[in-house]
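One file, run.cif, is given below (mmCIF, C-alpha atoms, pLDDT in the B column; chains and numbers go by the auth columns).
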```
data_input
loop_
_atom_site.group_PDB
_atom_site.id
_atom_site.type_symbol
_atom_site.label_atom_id
_atom_site.label_comp_id
_atom_site.label_asym_id
_atom_site.label_seq_id
_atom_site.Cartn_x
_atom_site.Cartn_y
_atom_site.Cartn_z
_atom_site.B_iso_or_equiv
_atom_site.auth_seq_id
_atom_site.auth_asym_id
ATOM 1 C CA MET A 1 -12.375 -8.055 -13.527 68.00 1 A
ATOM 2 C CA LEU A 2 -11.907 -4.743 -11.730 80.00 2 A
ATOM 3 C CA PHE A 3 -8.396 -3.237 -11.656 90.00 3 A
ATOM 4 C CA PRO A 4 -6.681 -6.239 -13.273 92.00 4 A
ATOM 5 C CA TYR A 5 -3.224 -4.661 -12.793 93.00 5 A
ATOM 6 C CA ARG A 6 -3.584 -4.236 -9.019 94.00 6 A
ATOM 7 C CA ASN A 7 -1.319 -7.103 -8.012 96.00 7 A
ATOM 8 C CA ASP A 8 1.241 -7.049 -10.837 95.00 8 A
ATOM 9 C CA LEU A 9 3.986 -5.328 -8.810 95.00 9 A
ATOM 10 C CA ARG A 10 3.352 -7.626 -5.859 96.00 10 A
ATOM 11 C CA LYS A 11 4.202 -10.680 -7.993 96.00 11 A
ATOM 12 C CA THR A 12 7.792 -9.437 -8.016 95.00 12 A
ATOM 13 C CA LEU A 13 7.879 -7.526 -4.731 96.00 13 A
ATOM 14 C CA ILE A 14 6.593 -10.174 -2.304 97.00 14 A
ATOM 15 C CA PRO A 15 9.148 -12.853 -3.316 96.00 15 A
ATOM 16 C CA TYR A 16 11.857 -10.153 -3.180 96.00 16 A
ATOM 17 C CA LEU A 17 10.799 -9.048 0.306 96.00 17 A
ATOM 18 C CA SER A 18 10.596 -12.663 1.461 96.00 18 A
ATOM 19 C CA THR A 19 14.311 -13.130 0.767 94.00 19 A
ATOM 20 C CA LEU A 20 15.548 -9.926 2.410 93.00 20 A
ATOM 21 C CA ASP A 21 17.649 -10.150 5.518 92.00 21 A
ATOM 22 C CA GLU A 22 15.979 -8.466 8.499 92.00 22 A
ATOM 23 C CA THR A 23 18.723 -5.840 8.737 91.00 23 A
ATOM 24 C CA PHE A 24 17.939 -4.623 5.218 92.00 24 A
ATOM 25 C CA TRP A 25 14.283 -4.028 6.164 95.00 25 A
ATOM 26 C CA PHE A 26 15.400 -1.382 8.659 94.00 26 A
ATOM 27 C CA LYS A 27 18.466 -0.002 6.858 90.00 27 A
ATOM 28 C CA THR A 28 18.507 3.704 6.036 86.00 28 A
ATOM 29 C CA SER A 29 21.031 5.860 4.243 83.00 29 A
ATOM 30 C CA GLU A 30 22.137 9.429 4.720 85.00 30 A
ATOM 31 C CA PHE A 31 20.491 10.217 1.376 85.00 31 A
ATOM 32 C CA TYR A 32 17.059 8.741 2.038 85.00 32 A
ATOM 33 C CA PRO A 33 15.199 8.776 5.369 86.00 33 A
ATOM 34 C CA ASN A 34 12.745 5.885 4.928 90.00 34 A
ATOM 35 C CA ASN A 35 13.414 2.161 5.009 93.00 35 A
ATOM 36 C CA VAL A 36 11.670 -0.878 3.541 95.00 36 A
ATOM 37 C CA ALA A 37 9.872 -1.654 6.817 96.00 37 A
ATOM 38 C CA TRP A 38 8.412 1.863 6.891 96.00 38 A
ATOM 39 C CA ILE A 39 7.313 1.724 3.245 96.00 39 A
ATOM 40 C CA ILE A 40 5.573 -1.652 3.499 98.00 40 A
ATOM 41 C CA SER A 41 3.952 -0.702 6.826 98.00 41 A
ATOM 42 C CA HIS A 42 2.833 2.600 5.313 98.00 42 A
ATOM 43 C CA LEU A 43 1.365 0.881 2.256 98.00 43 A
ATOM 44 C CA SER A 44 -0.486 -1.659 4.387 98.00 44 A
ATOM 45 C CA SER A 45 -1.838 0.911 6.832 98.00 45 A
ATOM 46 C CA SER A 46 -2.806 3.297 4.034 98.00 46 A
ATOM 47 C CA GLU A 47 -4.733 0.631 2.146 98.00 47 A
ATOM 48 C CA ASP A 48 -6.466 -0.374 5.386 98.00 48 A
ATOM 49 C CA TYR A 49 -7.360 3.261 6.119 98.00 49 A
ATOM 50 C CA TRP A 50 -8.628 4.138 2.643 98.00 50 A
ATOM 51 C CA VAL A 51 -10.593 0.949 2.054 97.00 51 A
ATOM 52 C CA ASN A 52 -12.027 0.486 5.540 97.00 52 A
ATOM 53 C CA GLU A 53 -12.368 3.906 7.152 96.00 53 A
ATOM 54 C CA ILE A 54 -12.930 6.035 4.081 97.00 54 A
ATOM 55 C CA GLY A 55 -14.561 3.626 1.630 96.00 55 A
ATOM 56 C CA LEU A 56 -16.567 1.328 3.890 95.00 56 A
ATOM 57 C CA LYS A 57 -16.851 3.435 7.077 96.00 57 A
ATOM 58 C CA ASN A 58 -15.490 0.494 9.092 96.00 58 A
ATOM 59 C CA PRO A 59 -12.635 0.387 11.599 97.00 59 A
ATOM 60 C CA CYS A 60 -9.186 -0.543 10.335 98.00 60 A
ATOM 61 C CA ILE A 61 -8.213 -4.200 10.715 98.00 61 A
ATOM 62 C CA LEU A 62 -4.399 -4.095 10.889 98.00 62 A
ATOM 63 C CA ASN A 63 -2.361 -3.566 14.023 95.00 63 A
ATOM 64 C CA LEU A 64 1.044 -2.439 12.786 96.00 64 A
ATOM 65 C CA HIS A 65 3.445 -0.656 15.142 95.00 65 A
ATOM 66 C CA ASP A 66 7.132 0.268 15.383 91.00 66 A
ATOM 67 C CA ASP A 67 8.097 -3.045 17.004 95.00 67 A
ATOM 68 C CA CYS A 68 6.688 -5.278 14.246 97.00 68 A
ATOM 69 C CA SER A 69 9.052 -7.788 12.679 97.00 69 A
ATOM 70 C CA PRO A 70 9.564 -7.937 8.910 97.00 70 A
ATOM 71 C CA LYS A 71 7.422 -11.098 8.853 97.00 71 A
ATOM 72 C CA GLU A 72 4.558 -9.329 10.636 98.00 72 A
ATOM 73 C CA ILE A 73 4.848 -6.371 8.272 98.00 73 A
ATOM 74 C CA LEU A 74 4.903 -8.582 5.170 98.00 74 A
ATOM 75 C CA ASP A 75 2.020 -10.697 6.476 98.00 75 A
ATOM 76 C CA SER A 76 -0.040 -7.522 7.029 98.00 76 A
ATOM 77 C CA TYR A 77 0.805 -6.326 3.518 98.00 77 A
ATOM 78 C CA ILE A 78 -0.480 -9.600 2.088 98.00 78 A
ATOM 79 C CA GLN A 79 -3.484 -9.721 4.431 98.00 79 A
ATOM 80 C CA ILE A 80 -4.798 -6.276 3.566 98.00 80 A
ATOM 81 C CA ARG A 81 -4.604 -6.924 -0.180 98.00 81 A
ATOM 82 C CA ASN A 82 -6.416 -10.243 0.176 97.00 82 A
ATOM 83 C CA TYR A 83 -9.077 -8.390 2.160 98.00 83 A
ATOM 84 C CA THR A 84 -9.315 -5.622 -0.457 97.00 84 A
ATOM 85 C CA ASP A 85 -9.473 -8.177 -3.273 96.00 85 A
ATOM 86 C CA ASP A 86 -12.364 -9.920 -1.491 95.00 86 A
ATOM 87 C CA ILE A 87 -14.224 -6.604 -1.322 95.00 87 A
ATOM 88 C CA LEU A 88 -13.599 -5.915 -5.005 93.00 88 A
ATOM 89 C CA HIS A 89 -15.089 -9.290 -5.878 91.00 89 A
ATOM 90 C CA THR A 90 -18.351 -8.268 -4.172 93.00 90 A
ATOM 91 C CA LEU A 91 -18.707 -4.943 -6.015 92.00 91 A
ATOM 92 C CA ASP A 92 -20.262 -4.383 -9.383 88.00 92 A
ATOM 93 C CA GLU A 93 -19.175 -1.568 -11.645 86.00 93 A
ATOM 94 C CA SER A 94 -22.150 0.660 -10.785 91.00 94 A
ATOM 95 C CA GLN A 95 -21.084 0.732 -7.128 93.00 95 A
ATOM 96 C CA LEU A 96 -17.707 2.172 -8.139 93.00 96 A
ATOM 97 C CA ASN A 97 -19.464 5.439 -8.987 94.00 97 A
ATOM 98 C CA GLU A 98 -20.604 5.966 -5.395 95.00 98 A
ATOM 99 C CA ILE A 99 -19.134 9.118 -3.854 96.00 99 A
ATOM 100 C CA VAL A 100 -16.915 8.694 -0.796 96.00 100 A
ATOM 101 C CA GLU A 101 -16.377 11.427 1.757 96.00 101 A
ATOM 102 C CA VAL A 102 -12.709 12.303 2.035 96.00 102 A
ATOM 103 C CA PRO A 103 -11.554 14.046 5.210 94.00 103 A
ATOM 104 C CA LYS A 104 -9.835 17.403 5.228 93.00 104 A
ATOM 105 C CA PHE A 105 -6.104 16.791 5.570 93.00 105 A
ATOM 106 C CA SER A 106 -3.855 19.152 7.516 95.00 106 A
ATOM 107 C CA ASP A 107 -1.588 19.705 4.508 96.00 107 A
ATOM 108 C CA GLY A 108 -4.544 20.848 2.387 94.00 108 A
ATOM 109 C CA TRP A 109 -4.445 17.854 0.035 93.00 109 A
ATOM 110 C CA THR A 110 -7.682 17.167 -1.806 94.00 110 A
ATOM 111 C CA PRO A 111 -8.487 14.496 -4.387 94.00 111 A
ATOM 112 C CA PRO A 112 -7.654 15.574 -7.940 93.00 112 A
ATOM 113 C CA SER A 113 -11.080 14.390 -9.133 93.00 113 A
ATOM 114 C CA VAL A 114 -14.457 13.482 -7.693 94.00 114 A
ATOM 115 C CA PRO A 115 -13.777 10.945 -4.903 97.00 115 A
ATOM 116 C CA THR A 116 -15.744 7.858 -5.869 97.00 116 A
ATOM 117 C CA LEU A 117 -15.030 4.265 -4.904 96.00 117 A
ATOM 118 C CA ASN A 118 -13.393 3.899 -8.311 95.00 118 A
ATOM 119 C CA TRP A 119 -11.111 6.838 -7.500 96.00 119 A
ATOM 120 C CA LEU A 120 -10.382 5.400 -4.032 97.00 120 A
ATOM 121 C CA PHE A 121 -9.190 2.034 -5.348 96.00 121 A
ATOM 122 C CA HIS A 122 -7.169 3.682 -8.106 95.00 122 A
ATOM 123 C CA HIS A 123 -5.622 5.960 -5.463 96.00 123 A
ATOM 124 C CA VAL A 124 -4.616 2.953 -3.327 97.00 124 A
ATOM 125 C CA TYR A 125 -2.987 1.167 -6.269 97.00 125 A
ATOM 126 C CA SER A 126 -1.155 4.184 -7.697 95.00 126 A
ATOM 127 C CA HIS A 127 0.039 5.136 -4.188 96.00 127 A
ATOM 128 C CA GLU A 128 1.453 1.628 -3.869 97.00 128 A
ATOM 129 C CA ALA A 129 3.265 1.854 -7.217 96.00 129 A
ATOM 130 C CA TYR A 130 4.852 5.160 -6.184 95.00 130 A
ATOM 131 C CA HIS A 131 6.201 3.779 -2.908 95.00 131 A
ATOM 132 C CA ILE A 132 7.328 0.474 -4.407 95.00 132 A
ATOM 133 C CA GLY A 133 9.603 2.503 -6.677 93.00 133 A
ATOM 134 C CA GLN A 134 11.236 3.856 -3.525 93.00 134 A
ATOM 135 C CA ILE A 135 12.270 0.327 -2.546 93.00 135 A
ATOM 136 C CA SER A 136 14.452 0.159 -5.647 91.00 136 A
ATOM 137 C CA VAL A 137 16.015 3.490 -4.671 90.00 137 A
ATOM 138 C CA ILE A 138 16.723 2.225 -1.149 90.00 138 A
ATOM 139 C CA ALA A 139 18.270 -0.981 -2.513 90.00 139 A
ATOM 140 C CA HIS A 140 20.452 1.006 -4.921 89.00 140 A
ATOM 141 C CA LEU A 141 21.619 3.416 -2.208 88.00 141 A
ATOM 142 C CA SER A 142 22.419 0.466 0.067 84.00 142 A
ATOM 143 C CA GLY A 143 24.337 -1.433 -2.617 83.00 143 A
ATOM 144 C CA LEU A 144 21.912 -4.355 -2.495 82.00 144 A
ATOM 145 C CA PRO A 145 20.192 -6.189 -5.328 82.00 145 A
ATOM 146 C CA LYS A 146 17.118 -4.356 -6.575 85.00 146 A
ATOM 147 C CA PRO A 147 13.730 -5.950 -7.242 87.00 147 A
ATOM 148 C CA LEU A 148 13.435 -6.903 -10.906 85.00 148 A
ATOM 149 C CA PHE A 149 10.488 -4.754 -11.933 80.00 149 A
#
```

The structure given in the file should be rewritten as structure tokens.
Amino acid sequence: MLFPYRNDLRKTLIPYLSTLDETFWFKTSEFYPNNVAWIISHLSSSEDYWVNEIGLKNPCILNLHDDCSPKEILDSYIQIRNYTDDILHTLDESQLNEIVEVPKFSDGWTPPSVPTLNWLFHHVYSHEAYHIGQISVIAHLSGLPKPLF
């Protein structure tokens, strides 16, 4: 199985997010500018972008916007991972070595290694782990229970 760890954090995060009051999704603090809604939307949209546009050269499939409800955001988060998992199940390990063309970003960021499909999927999953850690920070700053990672 490719990337067997890819959904480990989600096993804790999705039930946690499912129990959050809507106000917490949008709560910010003076110490931290982002909120849970932004993080989950960002993760969903980023996975959609990297897998579809960069990896597969297809259009993105999600339609997230500023007026989405927490349910719509969470549903998109689940939907894009199910989609990505379906793609992973169709790939064999030799395909993971295929080079992907990464655009030039305005901030000058470039991949730290040769951008292959393997790198792309690893990038998506490590990016998710980074931002999921921020949810614990937001919960702590807001005085709310933290996810039990």

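With distances taken over all atoms listed in the file, A:Ser46 is the one residue among A:Ser106, A:Glu30, A:Lys146, A:Ser46 lying closest to Ser126 of chain A.
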
Could you spell out the hits of the PyMOL selection byres ((chain A and resi 78) around 12) on the shown file, as a PyMOL selection string?
chain A and resi 7+10-11+13-15+17-18+40-41+43-45+47-48+62+71-77+79-85

Output file for the selection above: C-alpha atoms, as a compact mmCIF listing (two decimals), keeping the file's coordinate frame:
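To be explicit, this is the file written out as out21.txt:
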```txt
# COMPACT_ATOMS: atom_id res chain seq x y z
CA ASN A 7 -1.32 -7.10 -8.01
CA ARG A 10 3.35 -7.63 -5.86
CA LYS A 11 4.20 -10.68 -7.99
CA LEU A 13 7.88 -7.53 -4.73
CA ILE A 14 6.59 -10.17 -2.30
CA PRO A 15 9.15 -12.85 -3.32
CA LEU A 17 10.80 -9.05 0.31
CA SER A 18 10.60 -12.66 1.46
CA ILE A 40 5.57 -1.65 3.50
CA SER A 41 3.95 -0.70 6.83
CA LEU A 43 1.36 0.88 2.26
CA SER A 44 -0.49 -1.66 4.39
CA SER A 45 -1.84 0.91 6.83
CA GLU A 47 -4.73 0.63 2.15
CA ASP A 48 -6.47 -0.37 5.39
CA LEU A 62 -4.40 -4.10 10.89
CA LYS A 71 7.42 -11.10 8.85
CA GLU A 72 4.56 -9.33 10.64
CA ILE A 73 4.85 -6.37 8.27
CA LEU A 74 4.90 -8.58 5.17
CA ASP A 75 2.02 -10.70 6.48
CA SER A 76 -0.04 -7.52 7.03
CA TYR A 77 0.80 -6.33 3.52
CA GLN A 79 -3.48 -9.72 4.43
CA ILE A 80 -4.80 -6.28 3.57
CA ARG A 81 -4.60 -6.92 -0.18
CA ASN A 82 -6.42 -10.24 0.18
CA TYR A 83 -9.08 -8.39 2.16
CA THR A 84 -9.32 -5.62 -0.46
CA ASP A 85 -9.47 -8.18 -3.27
```

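Atom CA of Leu91 of chain A is found 25.9 Å from atom CA of Asn63 of chain A.
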
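With all atoms listed in the file as the basis for measurement, A:Asp21 is the residue among A:Asp21, A:Asp86, A:Glu53, A:Glu101 that approaches Leu144 of chain A most closely.
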
Atom pair atom CA of Ile135 of chain A + atom CA of Asn34 of chain A, distance 9.3 Å

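Look at Thr12 of chain A: the protein and nucleic acid residues within 7 Å of it, using only C-alpha atoms and passing over chain neighbours fewer than 5 places away, are Pro147, Leu148 and Phe149 of chain A.
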
Emit the selected residues as a compact mmCIF listing (two decimals), in the frame of the given file, including C-alpha atoms.
```
# COMPACT_ATOMS: atom_id res chain seq x y z
CA PRO A 147 13.73 -5.95 -7.24
CA LEU A 148 13.44 -6.90 -10.91
CA PHE A 149 10.49 -4.75 -11.93
```

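Going from atom CA of Leu2 of chain A to atom CA of Tyr16 of chain A covers 25.8 Å.
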
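For the choices A:Leu117, A:Val36, A:Val137, A:Leu88, the atom-to-atom distance to Gly55 of chain A is smallest for A:Leu117 when using all atoms listed in the file.
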
Please tell me which residues are no farther than 12 Å from (23.5, 2.3, -3.2) in the file, counting only C-alpha atoms, and write them as a PyMOL selection string.
chain A and resi 27-32+135-146

Surrounding residues of Tyr49 of chain A excluding itself and chain neighbours under 6 positions, 9 Å, all atoms listed in the file, as a list of chain:residue names
A:Gly55, A:Pro59, A:Cys60, A:Ile61

Keeping C-alpha atoms, export the residues of the selection given above as a compact mmCIF listing (two decimals), in the coordinates of the input.
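Output file again_13.txt is given in full below:
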```txt
# COMPACT_ATOMS: atom_id res chain seq x y z
CA GLY A 55 -14.56 3.63 1.63
CA PRO A 59 -12.64 0.39 11.60
CA CYS A 60 -9.19 -0.54 10.34
CA ILE A 61 -8.21 -4.20 10.72
```

Just checking: using all atoms listed in the file, which residue out of A:Ser69, A:Phe121, A:Thr90, A:Asp8 ends up closest to Thr23 of chain A?
A:Ser69

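Compared by their closest atoms to Pro115 of chain A, and using only C-alpha atoms, the residues A:Ile87, A:Val51, A:Ile99, A:Ala129 rank with A:Ile99 nearest.
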
Evaluate the PyMOL selection byres ((chain A and resi 111) around 12) against this structure - the residues, as a list in words, please.
Ile99, Val100, Glu101, Val102, Pro103, Lys104, Phe105, Gly108, Trp109, Thr110, Pro112, Ser113, Val114, Pro115, Thr116, Trp119, Leu120, His122 and His123 of chain A
